[in-house]
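Novice: Attaching a single structure in structure tokens format; questions to follow.
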Number of protein chains: 2
Amino acid sequence: MPAAQLAPVFAALGDETRWQILTTLGTAPASASALAAGFPISRQAIVKHLDVLQAAGLVEAARRGREVRYSVLGDRLSSLGRDLERIGSAWDRRLSSIKELAESEQ
Amino acid sequence: MPAAQLAPVFAALGDETRWQILTTLGTAPASASALAAGFPISRQAIVKHLDVLQAAGLVEAARRGREVRYSVLGDRLSSLGRDLERIGSAWDRRLSSIKELAESEQ
DNA sequence: GGTTTCTGCAACCATGGAGTTGCACATCAA
DNA sequence: TTGATGTGCAACTCCATGGTTGCAGAAACC
């Protein structure tokens with residue numbers, strides 16, 4: 001039953017800025033300051049977004065000297081995608097069987 | 001480039017109550033009033049959630065007499081899942097190639 | 001017709017979250 | 001040592017959103 005606790009992860013994905021951060025990190029790992037240089041918002045705002053993404057397990061942080069380098073976790077997104085696909089097709093199967101039942105009872 | 005405009009859909013999915021509504025509708029279609037009977041919140045709150053889900057294309061509404069019956073759109077969730085899976089594995093491929101490059105340059 | 005049962009609209013409240021600024025602390029380079 | 005760069009912490013503002021209540025209108029049932 002992996003359908004539980006999906007909402008927090010989707011909440012993390014449900015922000016346009018966060019998606020831009022993710023796609024940027026999908027290109028190459030980067031620090032919060034480096035990211036902030038390419039965005040119209042403050043470094044602190046970027047850090048907050050990174051915290052959210054990290055809490056959702058979509059990003060990992062690695063300290064290297066005085067800087068913290070963030071990398072995207074693509075496999076997490078992939079497995080999430082597979083979960084979604086499974087759930088969606090399960091719904092479809094169930095609803096189509098209900099439909100058939102209704103039609104046969106008509 | 002289907003990576004654009006994903007955030008709004010995930011924003012719709014990023015609410016626990018909305019997930020409960022979706023899974024309930026995944027069992028069988030229902031009206032807002034019928035749904036509200038099974039939730040600790042008002043019918044109006046349910047209606048607002050259904051509006052959000054409908055705007056995200058995750059649910060469809062069909063008027064039947066005086067009631068409006070909502071059904072979940074499983075194929076939408078499935079295709080969303082496939083998109084996610086694709087994006088995530090693309091990130092993984094790119095990052096692992098960067099890693100190899102860094103190691104060979106070491 | 002009268003009553004019940006749905007839906008629809010509007011106003012309202014309160015919390016969370018996205019963003020800001022300011023400052024202190026740590027690390028690297030000169 | 002000094003300066004530059006990067007991070008961490010805290011307080012603050014603003015508005016989107018999840019929730020409420022109240023009432024009016026339409027459809028079904030008696």
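Here, A, B, ... name the chains of the structure tokens in the order displayed, residue numbers run from 1 inside each chain, and ligands are numbered from 1 in the same displayed order.
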Residues at most 10 Å from C:DC12, counting only C-alpha atoms (C1' of nucleotides), excluding those fewer than 2 positions away in the same chain, as a compact mmCIF listing (two decimals) with N, CA and C atoms (P, O5', C5', C4', C3', O3' and C1' of nucleotides), in the first residue's frame?

Specialist:
```txt
# COMPACT_ATOMS: atom_id res chain seq x y z
P DA C 10 -21.32 35.17 -6.78
O5' DA C 10 -21.20 35.70 -5.28
C5' DA C 10 -22.37 35.85 -4.51
C4' DA C 10 -22.00 36.11 -3.07
C3' DA C 10 -20.64 36.77 -2.86
O3' DA C 10 -20.79 37.92 -2.05
C1' DA C 10 -20.84 34.87 -1.50
P DT D 20 -15.13 22.71 7.38
O5' DT D 20 -15.71 24.15 7.79
C5' DT D 20 -15.36 24.72 9.04
C4' DT D 20 -15.97 26.10 9.17
C3' DT D 20 -17.48 26.15 8.99
O3' DT D 20 -18.12 25.98 10.26
C1' DT D 20 -16.42 27.92 7.77
P DT D 21 -19.65 25.56 10.30
O5' DT D 21 -20.38 26.93 9.85
C5' DT D 21 -20.20 28.11 10.62
C4' DT D 21 -20.94 29.26 9.97
C3' DT D 21 -22.45 29.01 9.79
O3' DT D 21 -23.19 30.03 10.43
C1' DT D 21 -21.46 29.71 7.73
```

Novice: Could you list, as a PyMOL selection string, every residue within 12 Å of B:Leu58, counting only C-alpha atoms (C1' of nucleotides) and ignoring same-chain residues fewer than 2 positions away?

Specialist: (chain A and resi 88+91) or (chain B and resi 8-13+18-19+21-23+25-26+49-56+60-61+70-80)

Novice: Using the selection just defined, write its residues with C-alpha atoms as an mmCIF file, in the first residue's frame.

Specialist:
```
data_model
loop_
_atom_site.group_PDB
_atom_site.id
_atom_site.type_symbol
_atom_site.label_atom_id
_atom_site.label_comp_id
_atom_site.auth_asym_id
_atom_site.auth_seq_id
_atom_site.Cartn_x
_atom_site.Cartn_y
_atom_site.Cartn_z
ATOM 1 C CA GLY A 88 -4.068 5.365 -12.059
ATOM 2 C CA TRP A 91 -8.596 3.117 -10.820
ATOM 3 C CA PRO B 8 -0.206 22.919 -11.024
ATOM 4 C CA VAL B 9 -1.243 19.273 -11.273
ATOM 5 C CA PHE B 10 1.094 18.319 -8.451
ATOM 6 C CA ALA B 11 -0.185 21.215 -6.407
ATOM 7 C CA ALA B 12 -3.620 19.648 -6.801
ATOM 8 C CA LEU B 13 -2.229 16.281 -5.697
ATOM 9 C CA ARG B 18 -7.669 15.640 -1.926
ATOM 10 C CA TRP B 19 -5.907 12.288 -2.040
ATOM 11 C CA ILE B 21 -11.218 12.168 -2.150
ATOM 12 C CA LEU B 22 -9.418 10.737 -5.157
ATOM 13 C CA THR B 23 -9.033 7.300 -3.637
ATOM 14 C CA LEU B 25 -13.665 8.245 -6.173
ATOM 15 C CA GLY B 26 -11.282 5.551 -7.362
ATOM 16 C CA HIS B 49 -11.395 20.372 -3.575
ATOM 17 C CA LEU B 50 -13.346 18.872 -6.455
ATOM 18 C CA ASP B 51 -13.025 22.151 -8.346
ATOM 19 C CA VAL B 52 -9.262 22.039 -7.902
ATOM 20 C CA LEU B 53 -9.100 18.414 -9.008
ATOM 21 C CA GLN B 54 -11.270 19.134 -12.014
ATOM 22 C CA ALA B 55 -9.157 22.131 -13.032
ATOM 23 C CA ALA B 56 -6.119 19.845 -12.847
ATOM 24 C CA GLU B 60 -14.603 14.867 -14.377
ATOM 25 C CA ALA B 61 -18.117 15.986 -13.478
ATOM 26 C CA TYR B 70 -17.699 13.057 -10.094
ATOM 27 C CA SER B 71 -15.424 10.375 -11.536
ATOM 28 C CA VAL B 72 -11.688 10.034 -11.256
ATOM 29 C CA LEU B 73 -9.633 10.076 -14.461
ATOM 30 C CA GLY B 74 -7.127 7.312 -13.917
ATOM 31 C CA ASP B 75 -5.505 7.570 -17.336
ATOM 32 C CA ARG B 76 -4.524 11.152 -16.567
ATOM 33 C CA LEU B 77 -2.693 9.971 -13.460
ATOM 34 C CA SER B 78 -1.108 7.142 -15.372
ATOM 35 C CA SER B 79 0.282 9.361 -18.113
ATOM 36 C CA LEU B 80 1.511 11.781 -15.469
#
```

Novice: Can you check which parts of chain A lie within 7 Å of chain C? Per residue, the shortest pair of atoms and distance in Å to one decimal, counting only C-alpha atoms (C1' of nucleotides), sorted by chain and number, as a Markdown table.

Specialist:
```
| residue | atom | partner | partner_atom | distance |
| --- | --- | --- | --- | --- |
| A:Ala45 | CA | C:DG19 | C1' | 6.3 |
| A:Gly65 | CA | C:DT27 | C1' | 7.0 |
| A:Arg66 | CA | C:DT27 | C1' | 5.2 |
```

Novice: Out of A:Thr27, A:Leu84, A:Leu6, A:Gly14, which residue has the shortest atom-to-atom distance to B:Ser97 when counting only C-alpha atoms?

Specialist: A:Thr27

Novice: I need the strand (DSSP E or B) residues of chain B per DSSP on the backbone, written as a ChimeraX atom specification.

Specialist: /B:30-31,59-64,67-72

Novice: Can you check which residues of chain D have any atom within 12 Å of chain A? Use only C-alpha atoms (C1' of nucleotides) and format it as a list in words.

Specialist: DT5, DG6, DT7, DG8, DC9 and DA10 of chain D

Novice: Check the DSSP output for the backbone and give back, as a PyMOL selection string, the residues of chain A in helix (DSSP H, G or I).

Specialist: chain A and resi 7-13+16-27+32-37+43-55+74-105

Novice: Could you take the residues named above and write them with C-alpha atoms, as a CSV table (one decimal), in the first residue's frame?

Specialist:
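To be explicit, this is the file written out as selection37.csv:
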```
chain,number,residue,atom,x,y,z
A,7,ALA,CA,0.7,14.0,-0.7
A,8,PRO,CA,3.8,15.6,1.0
A,9,VAL,CA,6.0,14.7,-1.9
A,10,PHE,CA,3.5,16.1,-4.4
A,11,ALA,CA,3.2,19.2,-2.3
A,12,ALA,CA,6.9,19.6,-2.7
A,13,LEU,CA,6.6,19.1,-6.5
A,16,GLU,CA,6.8,26.2,-10.2
A,17,THR,CA,10.0,27.6,-8.7
A,18,ARG,CA,10.8,24.2,-7.1
A,19,TRP,CA,10.4,22.6,-10.5
A,20,GLN,CA,12.8,25.1,-12.1
A,21,ILE,CA,15.3,24.3,-9.3
A,22,LEU,CA,14.9,20.6,-9.9
A,23,THR,CA,15.4,20.8,-13.6
A,24,THR,CA,18.4,23.0,-13.1
A,25,LEU,CA,19.9,20.5,-10.7
A,26,GLY,CA,19.0,17.8,-13.2
A,27,THR,CA,21.5,19.4,-15.5
A,32,ALA,CA,22.4,27.3,-3.1
A,33,SER,CA,24.3,30.4,-3.9
A,34,ALA,CA,25.1,29.2,-7.4
A,35,LEU,CA,21.4,28.5,-7.9
A,36,ALA,CA,20.4,31.8,-6.5
A,37,ALA,CA,22.5,33.6,-9.2
A,43,ARG,CA,19.4,32.8,-1.8
A,44,GLN,CA,17.4,32.3,1.4
A,45,ALA,CA,14.3,31.6,-0.6
A,46,ILE,CA,16.3,29.0,-2.6
A,47,VAL,CA,17.5,27.4,0.6
A,48,LYS,CA,14.0,27.1,1.9
A,49,HIS,CA,12.9,25.4,-1.4
A,50,LEU,CA,15.9,23.1,-1.2
A,51,ASP,CA,15.0,22.2,2.4
A,52,VAL,CA,11.5,21.2,1.2
A,53,LEU,CA,12.9,19.2,-1.7
A,54,GLN,CA,15.3,17.4,0.6
A,55,ALA,CA,12.6,16.6,3.2
A,74,GLY,CA,16.1,11.0,-10.2
A,75,ASP,CA,15.4,7.5,-9.1
A,76,ARG,CA,13.1,8.8,-6.4
A,77,LEU,CA,11.1,10.6,-9.1
A,78,SER,CA,11.1,7.6,-11.3
A,79,SER,CA,9.8,5.3,-8.6
A,80,LEU,CA,7.2,7.9,-7.7
A,81,GLY,CA,6.1,7.9,-11.4
A,82,ARG,CA,5.8,4.2,-11.4
A,83,ASP,CA,3.6,4.3,-8.3
A,84,LEU,CA,1.3,6.9,-10.0
A,85,GLU,CA,1.0,4.8,-13.1
A,86,ARG,CA,0.0,1.8,-11.1
A,87,ILE,CA,-2.6,3.7,-9.0
A,88,GLY,CA,-4.1,5.4,-12.1
A,89,SER,CA,-4.4,2.2,-14.0
A,90,ALA,CA,-5.9,0.4,-11.0
A,91,TRP,CA,-8.6,3.1,-10.8
A,92,ASP,CA,-9.3,2.8,-14.5
A,93,ARG,CA,-9.7,-1.0,-14.3
A,94,ARG,CA,-12.1,-0.7,-11.3
A,95,LEU,CA,-14.2,2.0,-12.8
A,96,SER,CA,-14.5,0.3,-16.2
A,97,SER,CA,-15.7,-2.9,-14.5
A,98,ILE,CA,-18.3,-0.9,-12.6
A,99,LYS,CA,-19.4,0.6,-15.9
A,100,GLU,CA,-19.8,-2.9,-17.4
A,101,LEU,CA,-21.8,-4.0,-14.4
A,102,ALA,CA,-24.1,-1.0,-14.7
A,103,GLU,CA,-24.7,-1.6,-18.3
A,104,SER,CA,-25.4,-5.3,-17.9
A,105,GLU,CA,-27.9,-4.5,-15.2
```

Novice: Under the rule that only C-alpha atoms are counted, which of A:Ala28, A:Arg69, A:Gly57, A:Gly38 is the nearest residue to chain B?

Specialist: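 Looking only at the distances to chain B, the closest residue turns out to be A:Ala28.
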
Novice: Report, in Å to a single decimal, how far apart atom CA of B:Phe39 and atom C1' of D:DC23 are.

Specialist: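 Result for atom C1' of D:DC23 versus atom CA of B:Phe39: 23.0 Å, one decimal.
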
Novice: Rounded to one decimal place, report the atom CA of B:Arg63-atom CA of B:Ser42 distance in Å.

Specialist: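 It comes out at 20.7 Å.
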